[in-house]
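Trainee: I'm passing along coords11.cif; it holds mmCIF, C-alpha atoms.
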data_query
#
loop_
_atom_site.label_atom_id
_atom_site.label_comp_id
_atom_site.auth_asym_id
_atom_site.auth_seq_id
_atom_site.Cartn_x
_atom_site.Cartn_y
_atom_site.Cartn_z
CA MET P 969 11.11 11.17 47.32
CA SER P 970 12.93 8.39 45.50
CA TYR P 971 15.63 7.94 42.90
CA CYS P 972 14.88 6.61 39.43
CA GLY P 973 16.57 6.53 36.06
CA ILE P 974 15.13 7.43 32.66
CA ARG P 975 16.70 6.17 29.46
CA GLY P 976 16.68 7.71 26.01
CA ALA P 977 18.48 7.69 22.68
CA ILE P 978 18.47 9.55 19.38
CA THR P 979 20.39 9.35 16.12
CA VAL P 980 22.07 12.39 14.54
CA GLU P 981 22.46 13.19 10.86
CA GLU P 982 26.08 14.25 10.89
CA ASN P 983 29.11 14.60 13.15
CA SER P 984 28.93 18.36 13.64
CA ARG P 985 28.62 20.45 16.79
CA ASP P 986 25.30 22.03 15.83
CA CYS P 987 23.69 18.79 14.70
CA ILE P 988 24.78 16.84 17.80
CA LEU P 989 23.67 19.53 20.24
CA MET P 990 20.37 20.17 18.48
CA ASN P 991 19.40 16.49 18.52
CA THR P 992 20.56 15.97 22.10
CA LYS P 993 18.41 18.94 23.18
CA ILE P 994 15.42 17.44 21.36
CA LEU P 995 15.95 14.20 23.29
CA LEU P 996 16.43 15.94 26.64
CA ASN P 997 13.38 18.14 26.12
CA GLU P 998 11.22 15.16 25.22
CA ILE P 999 12.34 13.16 28.28
CA ILE P 1000 11.74 16.16 30.54
CA LYS P 1001 8.27 16.89 29.08
CA SER P 1002 7.18 13.26 28.94
CA ASN P 1003 7.99 12.78 32.62
CA ASN P 1004 7.05 16.26 33.86
CA ILE P 1005 10.52 16.68 35.36
CA ASP P 1006 11.58 19.75 37.29
CA LEU P 1007 15.15 20.59 36.30
CA ASP P 1008 16.09 20.87 39.99
CA ASP P 1009 15.10 17.22 40.47
CA ILE P 1010 17.81 16.02 38.06
CA THR P 1011 20.77 14.73 40.05
CA SER P 1012 22.97 13.50 37.21
CA ILE P 1013 22.99 12.67 33.50
CA ILE P 1014 25.23 10.14 31.77
CA PHE P 1015 25.71 10.68 28.03
CA THR P 1016 27.20 8.05 25.73
CA ALA P 1017 27.96 8.43 22.03
CA THR P 1018 28.99 5.97 19.36
CA ASN P 1019 32.60 6.32 18.26
CA ASP P 1020 31.66 8.14 15.04
CA ILE P 1021 30.56 11.16 17.12
CA ASP P 1022 33.40 13.35 18.36
CA ALA P 1023 32.67 16.94 17.27
CA VAL P 1024 31.39 18.01 20.71
CA TYR P 1025 30.46 16.61 24.11
CA PRO P 1026 26.67 15.96 24.09
CA ALA P 1027 26.62 17.16 27.72
CA VAL P 1028 27.07 20.74 26.48
CA SER P 1029 23.42 20.65 25.42
CA ALA P 1030 22.32 20.10 29.03
CA ARG P 1031 24.13 23.21 30.22
CA GLU P 1032 22.64 25.23 27.36
CA LEU P 1033 19.17 24.08 28.44
CA GLY P 1034 19.78 25.39 31.96
CA ILE P 1035 20.60 22.09 33.67
CA VAL P 1036 23.39 23.60 35.77
CA HIS P 1037 23.29 21.77 39.11
CA ALA P 1038 23.29 18.13 37.96
CA GLY P 1039 26.46 16.12 37.54
CA LEU P 1040 27.21 15.33 33.90
CA MET P 1041 29.37 12.60 32.38
CA CYS P 1042 30.18 11.79 28.74
CA VAL P 1043 31.41 8.37 27.66
CA GLN P 1044 32.51 7.13 24.25
CA GLU P 1045 30.96 3.75 23.48
CA MET P 1046 32.97 0.76 22.36
CA TYR P 1047 32.62 -0.26 18.74
CA VAL P 1048 30.34 -3.21 18.12
CA LYS P 1049 30.06 -4.65 14.63
CA ASP P 1050 26.80 -3.79 12.81
CA SER P 1051 25.61 -1.65 15.73
CA LEU P 1052 23.55 1.52 15.23
CA LYS P 1053 25.70 4.41 14.02
CA MET P 1054 25.63 8.11 14.92
CA CYS P 1055 23.72 7.57 18.14
CA VAL P 1056 23.60 9.48 21.43
CA ARG P 1057 22.24 7.72 24.52
CA ILE P 1058 21.19 9.32 27.79
CA LEU P 1059 20.52 8.12 31.31
CA ILE P 1060 18.89 10.81 33.47
CA ASN P 1061 18.83 10.19 37.21
CA ILE P 1062 16.22 12.11 39.18
CA ASP P 1063 15.16 12.49 42.78
CA SER P 1064 11.37 12.97 42.83
CA ASN P 1065 8.03 11.35 43.56
CA LEU P 1066 8.09 9.60 40.18
CA ARG P 1067 8.32 5.83 40.54
CA GLN P 1068 10.63 3.77 38.34
CA LYS P 1069 7.79 1.70 36.90
CA ASP P 1070 5.96 4.85 35.80
CA VAL P 1071 8.76 6.58 33.89
CA ASN P 1072 8.56 7.19 30.14
CA HIS P 1073 11.72 6.19 28.34
CA VAL P 1074 12.22 8.02 25.04
CA TYR P 1075 13.79 6.68 21.84
CA LEU P 1076 13.69 8.97 18.81
CA LYS P 1077 14.42 8.81 15.08
CA GLY P 1078 16.71 5.90 14.12
CA ALA P 1079 17.16 4.93 17.78
CA VAL P 1080 13.57 3.66 17.93
CA LYS P 1081 14.85 0.32 16.63
CA LEU P 1082 17.01 -0.11 19.76
CA ARG P 1083 14.04 -0.54 22.07
CA PRO P 1084 10.76 -0.50 20.16
CA ASP P 1085 9.09 -1.85 23.30
CA LEU P 1086 10.10 1.27 25.23
CA ALA P 1087 9.88 3.82 22.45
CA LYS P 1088 7.15 6.39 22.77
CA LYS P 1089 4.42 5.49 20.29
CA ASN P 1090 2.38 8.68 20.09
CA PHE P 1091 4.52 11.63 19.14
CA ILE P 1092 3.18 15.14 18.78
CA SER P 1093 2.58 16.28 15.21
CA ILE P 1094 1.74 19.81 14.12
CA ALA P 1095 0.27 20.00 10.60
CA ILE P 1096 0.35 23.36 8.83
CA ASP P 1097 -1.28 23.58 5.41
CA GLY P 1098 -1.89 26.43 3.03
CA PRO P 1099 -1.18 27.84 -0.44
CA ALA P 1100 2.10 29.31 -1.64
CA GLY P 1101 3.12 32.53 0.10
CA SER P 1102 0.75 32.10 3.04
CA GLY P 1103 3.69 32.11 5.45
CA LYS P 1104 3.32 28.51 6.59
CA SER P 1105 6.96 27.51 6.06
CA THR P 1106 8.34 30.53 7.93
CA VAL P 1107 6.01 29.94 10.86
CA ALA P 1108 6.58 26.17 10.87
CA LYS P 1109 10.34 26.67 11.12
CA GLU P 1110 10.00 29.07 14.04
CA ILE P 1111 7.57 26.80 15.89
CA SER P 1112 9.93 23.84 15.50
CA LYS P 1113 12.83 25.87 16.91
CA THR P 1114 10.79 27.09 19.88
CA LEU P 1115 9.41 23.66 20.76
CA GLY P 1116 12.50 21.63 19.86
CA TYR P 1117 10.57 19.58 17.28
CA ILE P 1118 11.82 18.36 13.90
CA TYR P 1119 10.74 20.58 11.00
CA VAL P 1120 9.70 18.72 7.84
CA ASP P 1121 9.34 20.81 4.69
CA THR P 1122 7.30 18.47 2.48
CA GLY P 1123 7.23 20.99 -0.35
CA ALA P 1124 11.00 20.72 -0.61
CA MET P 1125 10.61 17.01 -1.30
CA TYR P 1126 8.30 17.61 -4.26
CA ARG P 1127 10.58 20.37 -5.50
CA SER P 1128 13.49 17.91 -5.41
CA VAL P 1129 11.60 15.46 -7.61
CA ALA P 1130 10.81 18.30 -10.01
CA LEU P 1131 14.46 19.43 -10.05
CA TYR P 1132 15.63 15.93 -10.94
CA CYS P 1133 13.14 15.79 -13.79
CA LEU P 1134 14.07 19.23 -15.13
CA ASP P 1135 17.80 18.44 -14.95
CA ASN P 1136 17.25 15.20 -16.85
CA GLY P 1137 14.94 16.47 -19.56
CA ILE P 1138 11.82 14.80 -18.19
CA ASP P 1139 8.43 16.44 -18.68
CA THR P 1140 7.03 17.06 -15.19
CA LYS P 1141 3.50 16.65 -16.55
CA ASP P 1142 4.22 13.22 -18.06
CA ASP P 1143 3.08 10.77 -15.39
CA PHE P 1144 4.73 7.73 -16.95
CA SER P 1145 8.11 9.42 -17.44
CA VAL P 1146 8.18 10.82 -13.90
CA GLU P 1147 7.13 7.52 -12.34
CA SER P 1148 9.80 5.65 -14.32
CA VAL P 1149 12.63 7.60 -12.63
CA LEU P 1150 11.38 7.59 -9.04
CA ASP P 1151 13.69 4.71 -8.15
CA ASN P 1152 16.63 6.89 -9.25
CA ILE P 1153 15.70 9.64 -6.79
CA ASN P 1154 17.01 9.60 -3.23
CA ILE P 1155 15.90 12.50 -1.02
CA GLU P 1156 17.35 13.15 2.44
CA LEU P 1157 16.59 15.78 5.05
CA LYS P 1158 19.58 16.83 7.15
CA TYR P 1159 19.88 19.42 9.89
CA ILE P 1160 22.97 21.61 9.74
CA ASN P 1161 23.49 24.68 11.95
CA GLY P 1162 19.94 24.21 13.17
CA GLU P 1163 18.48 24.48 9.65
CA GLN P 1164 16.96 21.87 7.39
CA ARG P 1165 18.98 21.13 4.27
CA ILE P 1166 17.68 18.90 1.51
CA TYR P 1167 19.89 16.52 -0.43
CA LEU P 1168 19.08 15.00 -3.79
CA ASN P 1169 21.17 11.94 -4.60
CA GLY P 1170 23.87 13.17 -2.22
CA ASP P 1171 23.96 16.79 -3.46
CA ASP P 1172 22.76 19.73 -1.37
CA VAL P 1173 19.98 21.29 -3.48
CA THR P 1174 18.45 23.52 -0.80
CA SER P 1175 18.99 26.65 -2.90
CA LYS P 1176 18.52 25.07 -6.33
CA ILE P 1177 14.94 24.02 -5.62
CA ARG P 1178 13.80 27.59 -4.88
CA THR P 1179 13.41 28.79 -8.48
CA GLN P 1180 10.08 29.57 -10.13
CA ASP P 1181 10.59 26.82 -12.74
CA VAL P 1182 11.09 24.23 -10.02
CA ALA P 1183 8.07 25.59 -8.12
CA LYS P 1184 5.91 25.11 -11.20
CA GLY P 1185 7.37 21.66 -11.80
CA SER P 1186 6.73 20.63 -8.21
CA SER P 1187 3.04 21.45 -8.64
CA ASP P 1188 3.02 19.16 -11.69
CA VAL P 1189 4.72 16.17 -10.02
CA ALA P 1190 2.66 16.62 -6.85
CA ALA P 1191 -0.43 15.80 -8.92
CA ILE P 1192 1.00 12.38 -9.82
CA LYS P 1193 -0.42 9.69 -7.55
CA ARG P 1194 2.69 7.50 -7.38
CA VAL P 1195 4.92 10.46 -6.47
CA ARG P 1196 2.62 11.36 -3.60
CA GLU P 1197 2.49 7.76 -2.38
CA VAL P 1198 6.27 7.49 -2.21
CA LEU P 1199 6.83 10.83 -0.48
CA VAL P 1200 3.88 10.53 1.89
CA ASP P 1201 5.20 7.18 3.09
CA THR P 1202 8.54 8.84 3.89
CA GLN P 1203 6.83 11.74 5.68
CA ARG P 1204 4.72 9.42 7.83
CA LYS P 1205 7.76 7.41 8.87
CA ILE P 1206 9.44 10.60 10.09
CA ALA P 1207 6.35 11.54 12.13
CA LYS P 1208 6.30 8.10 13.76
CA SER P 1209 9.84 8.50 15.10
CA CYS P 1210 9.78 11.98 16.67
CA ASN P 1211 7.76 15.13 17.35
CA VAL P 1212 7.34 17.08 14.12
CA VAL P 1213 6.10 20.33 12.65
CA MET P 1214 5.18 19.52 9.06
CA ASP P 1215 3.97 21.97 6.45
CA GLY P 1216 2.56 21.41 3.01
CA ARG P 1217 -0.76 21.28 1.20
CA ASP P 1218 -2.31 18.02 2.37
CA ILE P 1219 -0.70 17.34 5.73
CA GLY P 1220 -3.85 17.59 7.85
CA THR P 1221 -6.09 15.91 5.27
CA CYS P 1222 -3.85 13.12 3.95
CA VAL P 1223 -0.33 12.79 5.32
CA LEU P 1224 -1.15 13.12 9.03
CA PRO P 1225 -4.96 12.93 9.34
CA ASP P 1226 -4.57 12.28 13.08
CA ALA P 1227 -2.18 15.20 13.69
CA THR P 1228 -2.25 16.60 17.21
CA VAL P 1229 -2.87 20.15 15.96
CA LYS P 1230 -3.96 21.19 12.46
CA ILE P 1231 -3.52 24.69 11.12
CA TYR P 1232 -4.63 26.10 7.77
CA MET P 1233 -2.93 29.37 6.79
CA ASP P 1234 -3.91 31.70 3.99
CA ALA P 1235 -3.44 35.33 2.96
CA GLU P 1236 -4.69 37.69 0.29
CA ILE P 1237 -3.15 37.00 -3.13
CA SER P 1238 -1.49 40.44 -3.30
CA GLU P 1239 0.21 39.84 0.04
CA ARG P 1240 1.33 36.36 -0.96
CA THR P 1241 2.77 37.73 -4.20
CA LYS P 1242 4.58 40.45 -2.31
CA ARG P 1243 6.15 37.88 0.02
CA ARG P 1244 7.27 35.65 -2.83
CA CYS P 1245 8.79 38.60 -4.70
CA GLY P 1246 10.65 39.52 -1.51
CA GLU P 1247 12.13 36.01 -1.36
CA LEU P 1248 13.23 36.23 -4.99
CA LYS P 1249 14.76 39.66 -4.43
CA GLU P 1250 16.80 38.36 -1.48
CA LYS P 1251 18.18 35.63 -3.74
CA GLY P 1252 19.08 38.16 -6.44
CA ILE P 1253 16.54 36.70 -8.87
CA VAL P 1254 14.96 39.09 -11.40
CA PHE P 1255 11.15 38.96 -11.32
CA ASP P 1256 8.00 40.57 -12.66
CA PHE P 1257 5.32 41.17 -10.02
CA ASP P 1258 2.37 40.45 -12.30
CA LYS P 1259 3.99 37.28 -13.65
CA VAL P 1260 4.71 36.01 -10.12
CA LYS P 1261 1.11 36.75 -9.15
CA GLN P 1262 -0.14 34.86 -12.20
CA GLU P 1263 2.11 31.89 -11.40
CA ILE P 1264 0.89 31.76 -7.78
CA THR P 1265 -2.73 31.96 -8.94
CA GLN P 1266 -2.16 29.14 -11.42
CA ARG P 1267 -0.45 27.04 -8.78
CA ASP P 1268 -3.41 27.58 -6.46
CA GLU P 1269 -5.71 26.27 -9.17
CA ASN P 1270 -3.48 23.25 -9.82
CA ASP P 1271 -3.18 22.39 -6.13
CA LYS P 1272 -6.88 22.81 -5.32
CA ASN P 1273 -8.14 20.92 -8.36
CA ARG P 1274 -5.69 18.02 -8.65
CA GLU P 1275 -7.27 14.59 -8.47
CA PHE P 1276 -5.12 13.22 -5.65
CA SER P 1277 -4.87 14.94 -2.25
CA PRO P 1278 -5.97 18.43 -3.34
CA LEU P 1279 -5.19 21.49 -1.25
CA LYS P 1280 -8.08 22.06 1.15
CA MET P 1281 -8.67 22.84 4.80
CA ALA P 1282 -9.19 19.83 7.06
CA ASP P 1283 -12.54 19.78 8.85
CA ASP P 1284 -10.83 19.97 12.25
CA ALA P 1285 -8.16 22.53 11.30
CA ILE P 1286 -7.87 26.03 12.74
CA PHE P 1287 -7.90 28.79 10.11
CA PHE P 1288 -5.36 31.63 10.21
CA ASP P 1289 -5.43 34.63 7.89
CA SER P 1290 -1.84 35.84 7.98
CA THR P 1291 -2.35 38.87 5.72
CA TYR P 1292 -2.19 41.43 8.52
CA LYS P 1293 -0.14 39.43 11.03
CA THR P 1294 3.57 39.05 11.47
CA ALA P 1295 5.17 35.61 11.50
CA GLU P 1296 5.95 36.17 15.19
CA GLU P 1297 2.29 36.87 15.99
CA VAL P 1298 1.08 33.77 14.15
CA LYS P 1299 3.80 31.62 15.75
CA ASN P 1300 2.86 32.74 19.26
CA GLU P 1301 -0.85 32.13 18.66
CA ILE P 1302 -0.22 28.61 17.37
CA ILE P 1303 2.14 27.78 20.24
CA ASN P 1304 -0.55 28.93 22.68
CA ILE P 1305 -2.98 26.53 21.01
CA ILE P 1306 -0.46 23.68 21.25
CA ASN P 1307 0.20 24.39 24.91
CA GLU P 1308 -3.53 24.35 25.63
CA ARG P 1309 -3.72 20.79 24.27
CA PHE P 1310 -1.21 19.41 26.80
#
Could you render the structure as structure tokens?
Mentor:
Amino acid sequence: MSYCGIRGAITVEENSRDCILMNTKILLNEIIKSNNIDLDDITSIIFTATNDIDAVYPAVSARELGIVHAGLMCVQEMYVKDSLKMCVRILINIDSNLRQKDVNHVYLKGAVKLRPDLAKKNFISIAIDGPAGSGKSTVAKEISKTLGYIYVDTGAMYRSVALYCLDNGIDTKDDFSVESVLDNINIELKYINGEQRIYLNGDDVTSKIRTQDVAKGSSDVAAIKRVREVLVDTQRKIAKSCNVVMDGRDIGTCVLPDATVKIYMDAEISERTKRRCGELKEKGIVFDFDKVKQEITQRDENDKNREFSPLKMADDAIFFDSTYKTAEEVKNEIINIINERF
């Protein structure tokens, strides 16, 4: 047995208790999994945080993960001009057979720039594709929570572009007009209370993008090559900085062709319509079942027949028919597949 130390760091999106603890848990989990650490082998953990983080002690995350015997210490870092902001660093000391030269240090998200030479290069990516109402987003969210991975809702990004166009009188089918305003659109994914929120030019539009008009518009803008190029670049950058569960329509075929696990989900059209109507009902939105079914059918046609990155199942994807399965059943089956790969 010998002592060794493992370093890690991660950036957080905002100075809130939930956001800090969620990201610190992601970092801890990744260090533990990457080094095959038994929790009982951890002797102590030192946490440091930049001085713009003060909503909670990052060490709380260790206790919530069941690290109860190790000594914990939190330290506020000194301010250094132009240094990385909103960053939590960790030094885990362990007593095991692992040798110092063999440890895997872990730097995630914005913290990758601190030590690109030590940052893990091959993160795990779970790609889940499928048509509207197949249940992919619900399952993707639950998988990300269970595994401690970052959830990336790519559809929300396209919806945000569509919302901007609709709010500014731009025809979502006019390629030139949409492309001309892309530089005016800034989309950010933030994690608040453990949930992804999407911001469009600084405004939280998480609820606004869930209307049928925006859904239709997103299908239009998603068919524009330049829109896809811009958003796909953003999505790939996220996947290069941390473990992700990403859902959409071309994740396994285009965005992340080398994804660790690829899933294609589908369900009968009547079931997908029923699910979408249920979502609208929860939001208090008046709907007509037949009209919703027609809109989903039309969107399927648009997505499958668009020229760039059409919706289709990747050759190496695993097919799931979710019509007669609960989200919990599908989630558990996919997690079993992921676990079998590692």
Trainee: I'd like to see the residues matched by the PyMOL selection byres ((chain P and resi 1058) around 9) on this file, and ideally I'd get them as a list in words.
Mentor: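 Applied to this file, the PyMOL selection byres ((chain P and resi 1058) around 9) returns Ile974, Arg975, Gly976, Ala977, Ile978, Thr992, Leu995, Leu996, Ile1013, Ile1014, Phe1015, Thr1016, Ala1017, Val1056, Arg1057, Leu1059 and Ile1060 of chain P.
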Trainee: For Leu1279 (chain P), which residue out of P:Glu982, P:Asp1234, P:Asp1226, P:Glu1250 is the nearest one, using only C-alpha atoms?
Mentor: P:Asp1234
Trainee: Which centre and edge lengths in Å to one decimal define the box along x, y and z that fits every listed atom of region 1284-1293 of chain P plus 4 Å per side, as lines of an AutoDock Vina configuration file?
Mentor:
center_x = -5.5
center_y = 30.7
center_z = 9.2
size_x = 18.7
size_y = 29.5
size_z = 15.0
Trainee: Using all atoms listed in the file, which of the listed residues (P:Asp1097, P:Val1048, P:Val1195, P:Gly1103) sits closest to Cys1222 (chain P)?
Mentor: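 Looking only at the distances to Cys1222 (chain P), the closest residue turns out to be P:Asp1097.
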Trainee: Please measure the separation of CA of Ala1235 (chain P) and CA of Ala1295 (chain P), giving the value in Å to one decimal.
Mentor: 12.1 Å
Trainee: Skipping near chain neighbours, those fewer than 5 positions away, what residues fall within 12 Å of Lys1293 (chain P) using all atoms listed in the file, listed as number ranges by chain?
Mentor: P: 1102-1103, 1107, 1233-1236, 1239, 1288, 1298-1301
Trainee: Might you spell out which residues the PyMOL selection byres ((chain P and resi 1033) around 10) would select in the displayed file, as a ChimeraX atom specification?
Mentor: /P:993,996-997,1007,1028-1032,1034-1036
Trainee: Measuring atom to atom with only C-alpha atoms, identify which of P:Lys1208, P:Lys1259, P:Arg1217, P:Lys1280 is nearest to Ile1092 (chain P).
Mentor: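 Ranked by minimum distance to Ile1092 (chain P), first place goes to P:Lys1208.
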Trainee: Just the residues within 6 Å of Val1213 (chain P), please, counting only C-alpha atoms, with nothing from its chain fewer than 5 positions along; format it as a ChimeraX atom specification.
Mentor: /P:1093-1094,1112,1119
Trainee: I'd like to know which of P:Asp1143, P:Asp1135, P:Asp1006, P:Asp1022 is closest to Ile988 (chain P), using only C-alpha atoms.
Mentor: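 Using only C-alpha atoms, Ile988 (chain P) sits closest to P:Asp1022.
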